Amino acid sequence: MKAVIRSLEENPELLPGVDKLRTLVYPNHPEAYDVGWHSSVWGWLERHPLGDEMRRWVVATEDGEVVGHLAAVPQYYRIDGERVVAYTPADYQALPGYGFHAFALMRRFFRYAGNCVSSDQVEEAMAVETKLGAEPAGKLQYAAKVLDVSQLPRLPKAARPALWLPSRALRAVDYTLGRAFGGDLEVQEVGSFDDSFDTFFEKVAAEVPCVPEKDAAFLRWRYGSGSPHERTTVLGVRGAEGLLGYAVLRVTQEGDNGYLLDLTTLPGRRDAARALLREAVRRFQGAGVYIVRYRFNESPTSPAVGDLRRMGFFFREGRRHTLLVKFEDRGLHKTAHDTANWSYSAGDGEMSFWVR
Amino acid sequence: MAVNTENAAAAVQDWLRENVTGGREVAEDYALIDNGVLTSLQTVELVTFLEDRFDIMVEEDEFDEENFGSVQAIAGLVASKTS
């Protein structure tokens, strides 16, 4: 059936069609049916300082059925010391049989968005993005740590009591590892993202060529009131020179998964990263999650992969996200086209916005 | 050089031979998509090629199986944009 791309902003009557499309594309995902939750996330995205520049497009048939959707979500980045706006393609969906329109949607995205930063693991979506000019900068790390083996999914219920003891042993090992691992730095819960986060960010941006602009204002929007992740725990480490690093911890609504959304330190402060990591694991244990998940790019502002391994994290090769970039300015593109230049955590961008 | 359906079709045939069919020519009315010759991903590459070669802009709404279903249809689209 003939279908055309239409702006969702100019055709708000198509919004219920987007909600229906989501259930058709993800019929087995309970959250796909939660219209209120998705609506709240889009409302939050509109409240970003660049919210007026966000765009959403749909593919609609002559009968008004929505068969495709794509959004362009803007964000500030600091590349080579320059503040630039780049867009992330978000909530990309199309029904089978509308492959051409799916490409047309992405073309519309790239015509609108001169600069693009995307983190994806769906091969088909990445193939479209790269055909249209984005280039893979590299893969992000995906580290995970099991805290309670008795709660692993797909484990027969009968086996769970028997695994209670190994889980206690795991906890004892973590305790011992943590004591030896964290050093003397004191980690405290942070009540708000105050001005010290601005100073901290500028120190990071002065040394790291590519970083999402995570100043205090951004962090208040990202994890503050109305955000899908307003119920997070923020940890901080301070020293004589001010804030040395922070971590953002999220326990999913179901209470079983822990996400380390962000862990950023001043460049080279591996001791701060270790202390935050140790305390993050301890907090997640206290929250009762069975697994901690952490997606990030290894950089001078992140924990070292070796330190994560020492803390009992394992690395999932098959589930890694790829960072794709496209900048109109060739100089900026060249810098951004290498993950060695990036400080990036899952919480920094769209890839984590849909974590409940 | 003026663009007409003939030289547009020749350019499409050249591109298909080089990128898709392994040197084989296809009939101008052969159903490229229905017969699996051209995937939607390859069509993106073809569109990019046509835009560069003929200095045209294919609009998103023209990006469908009707306009890209055969060499004839593609050539017709290109010619209509350059006339």
# chains A, B, ... in the order shown; residues from 1 in each chain; ligands from 1
>>> interface_residues(of="chain A", to="chain B", cutoff="6 Å", atoms="only C-alpha atoms", output="mmCIF file with N, CA and C atoms, in the first residue's frame")
data_model
loop_
_atom_site.group_PDB
_atom_site.id
_atom_site.type_symbol
_atom_site.label_atom_id
_atom_site.label_comp_id
_atom_site.auth_asym_id
_atom_site.auth_seq_id
_atom_site.Cartn_x
_atom_site.Cartn_y
_atom_site.Cartn_z
ATOM 1 N N VAL A 4 3.467 7.336 2.951
ATOM 2 C CA VAL A 4 4.323 8.533 2.854
ATOM 3 C C VAL A 4 4.855 8.913 4.234
ATOM 4 N N PHE A 100 11.544 -0.120 2.209
ATOM 5 C CA PHE A 100 11.893 1.097 1.475
ATOM 6 C C PHE A 100 11.600 2.332 2.325
ATOM 7 N N ALA A 104 13.814 5.432 3.753
ATOM 8 C CA ALA A 104 13.417 6.813 3.504
ATOM 9 C C ALA A 104 13.376 7.604 4.822
#
>>> select_by_dssp(residues="chain B", states="helix (DSSP H, G or I)", output="VMD selection string")
chain B and resid 5 to 19 40 to 54 60 to 62 71 to 82
>>> residues_around(residues="His229 of chain A", least_positions_apart="5", cutoff="8 Å", atoms="only C-alpha atoms", output="list in words")
Arg222, Tyr223, Gly224, Arg250 and Arg356 of chain A
>>> write_last_selection(atoms="N, CA and C atoms", output="mmCIF file, in the first residue's frame")
data_model
loop_
_atom_site.group_PDB
_atom_site.id
_atom_site.type_symbol
_atom_site.label_atom_id
_atom_site.label_comp_id
_atom_site.auth_asym_id
_atom_site.auth_seq_id
_atom_site.Cartn_x
_atom_site.Cartn_y
_atom_site.Cartn_z
ATOM 1 N N ARG A 222 19.052 14.862 32.944
ATOM 2 C CA ARG A 222 19.171 13.433 32.645
ATOM 3 C C ARG A 222 18.643 12.553 33.778
ATOM 4 N N TYR A 223 18.952 12.948 35.018
ATOM 5 C CA TYR A 223 18.584 12.090 36.153
ATOM 6 C C TYR A 223 17.664 12.791 37.142
ATOM 7 N N GLY A 224 17.139 13.962 36.759
ATOM 8 C CA GLY A 224 16.311 14.718 37.687
ATOM 9 C C GLY A 224 14.831 14.421 37.554
ATOM 10 N N ARG A 250 21.265 2.580 38.677
ATOM 11 C CA ARG A 250 19.832 2.449 38.452
ATOM 12 C C ARG A 250 19.417 0.992 38.675
ATOM 13 N N ARG A 356 13.886 0.716 31.888
ATOM 14 C CA ARG A 356 12.842 1.084 32.853
ATOM 15 C C ARG A 356 13.302 0.874 34.285
#
>>> closest_residue(among="B:Gly36, B:Gly69, B:Asn19, B:Leu50", to="Lys81 of chain B", atoms="only C-alpha atoms")
B:Leu50
>>> residues_around(residues="segment 23-35 of chain A", least_positions_apart="2", cutoff="8 Å", atoms="only C-alpha atoms", output="PDB file with N, CA and C atoms, in the first residue's frame")
ATOM      1  N   ASP A  19       1.800   4.396  18.924  1.00  0.00           N
ATOM      2  CA  ASP A  19       1.653   3.490  20.077  1.00  0.00           C
ATOM      3  C   ASP A  19       1.242   2.092  19.615  1.00  0.00           C
ATOM      4  N   LYS A  20       0.399   2.044  18.605  1.00  0.00           N
ATOM      5  CA  LYS A  20      -0.023   0.730  18.091  1.00  0.00           C
ATOM      6  C   LYS A  20       1.138   0.044  17.363  1.00  0.00           C
ATOM      7  N   LEU A  21       1.880   0.834  16.581  1.00  0.00           N
ATOM      8  CA  LEU A  21       3.028   0.278  15.843  1.00  0.00           C
ATOM      9  C   LEU A  21       3.997  -0.422  16.795  1.00  0.00           C
ATOM     10  N   TRP A  37       3.907   5.390  29.921  1.00  0.00           N
ATOM     11  CA  TRP A  37       5.349   5.460  30.185  1.00  0.00           C
ATOM     12  C   TRP A  37       6.087   6.038  28.973  1.00  0.00           C
ATOM     13  N   HIS A  38       5.753   5.547  27.775  1.00  0.00           N
ATOM     14  CA  HIS A  38       6.411   6.085  26.579  1.00  0.00           C
ATOM     15  C   HIS A  38       6.109   7.570  26.409  1.00  0.00           C
ATOM     16  N   SER A  39       4.875   7.936  26.704  1.00  0.00           N
ATOM     17  CA  SER A  39       4.490   9.342  26.589  1.00  0.00           C
ATOM     18  C   SER A  39       5.316  10.204  27.546  1.00  0.00           C
ATOM     19  N   GLN A  93      11.482   2.200  14.001  1.00  0.00           N
ATOM     20  CA  GLN A  93      10.632   1.021  13.840  1.00  0.00           C
ATOM     21  C   GLN A  93       9.954   1.049  12.471  1.00  0.00           C
ATOM     22  N   ALA A  94       9.812  -0.118  11.886  1.00  0.00           N
ATOM     23  CA  ALA A  94       9.039  -0.223  10.643  1.00  0.00           C
ATOM     24  C   ALA A  94       8.459  -1.624  10.554  1.00  0.00           C
ATOM     25  N   LEU A  95       7.264  -1.710  10.045  1.00  0.00           N
ATOM     26  CA  LEU A  95       6.641  -3.020   9.876  1.00  0.00           C
ATOM     27  C   LEU A  95       7.274  -3.752   8.693  1.00  0.00           C
TER      28      LEU A  95
END
>>> atom_distance(atom1="atom CA of His48 of chain A", atom2="atom CA of Thr264 of chain A")
21.6 Å
>>> residues_around(residues="Thr5 of chain B", least_positions_apart="6", cutoff="8 Å", atoms="only C-alpha atoms", output="CSV table (one decimal) with N, CA and C atoms, in the first residue's frame")
chain,number,residue,atom,x,y,z
B,72,GLN,N,13.3,0.2,-16.1
B,72,GLN,CA,12.4,1.1,-16.9
B,72,GLN,C,11.9,2.1,-15.9
B,75,ALA,N,14.6,4.5,-14.6
B,75,ALA,CA,15.0,5.4,-15.7
B,75,ALA,C,13.9,6.5,-15.9
B,76,GLY,N,12.7,6.1,-15.8
B,76,GLY,CA,11.6,7.1,-15.9
B,76,GLY,C,11.6,8.1,-14.8
B,78,VAL,N,14.3,9.1,-13.1
B,78,VAL,CA,15.4,10.0,-13.3
B,78,VAL,C,15.1,11.0,-14.4
B,79,ALA,N,14.6,10.5,-15.5
B,79,ALA,CA,14.3,11.4,-16.7
B,79,ALA,C,13.3,12.4,-16.3
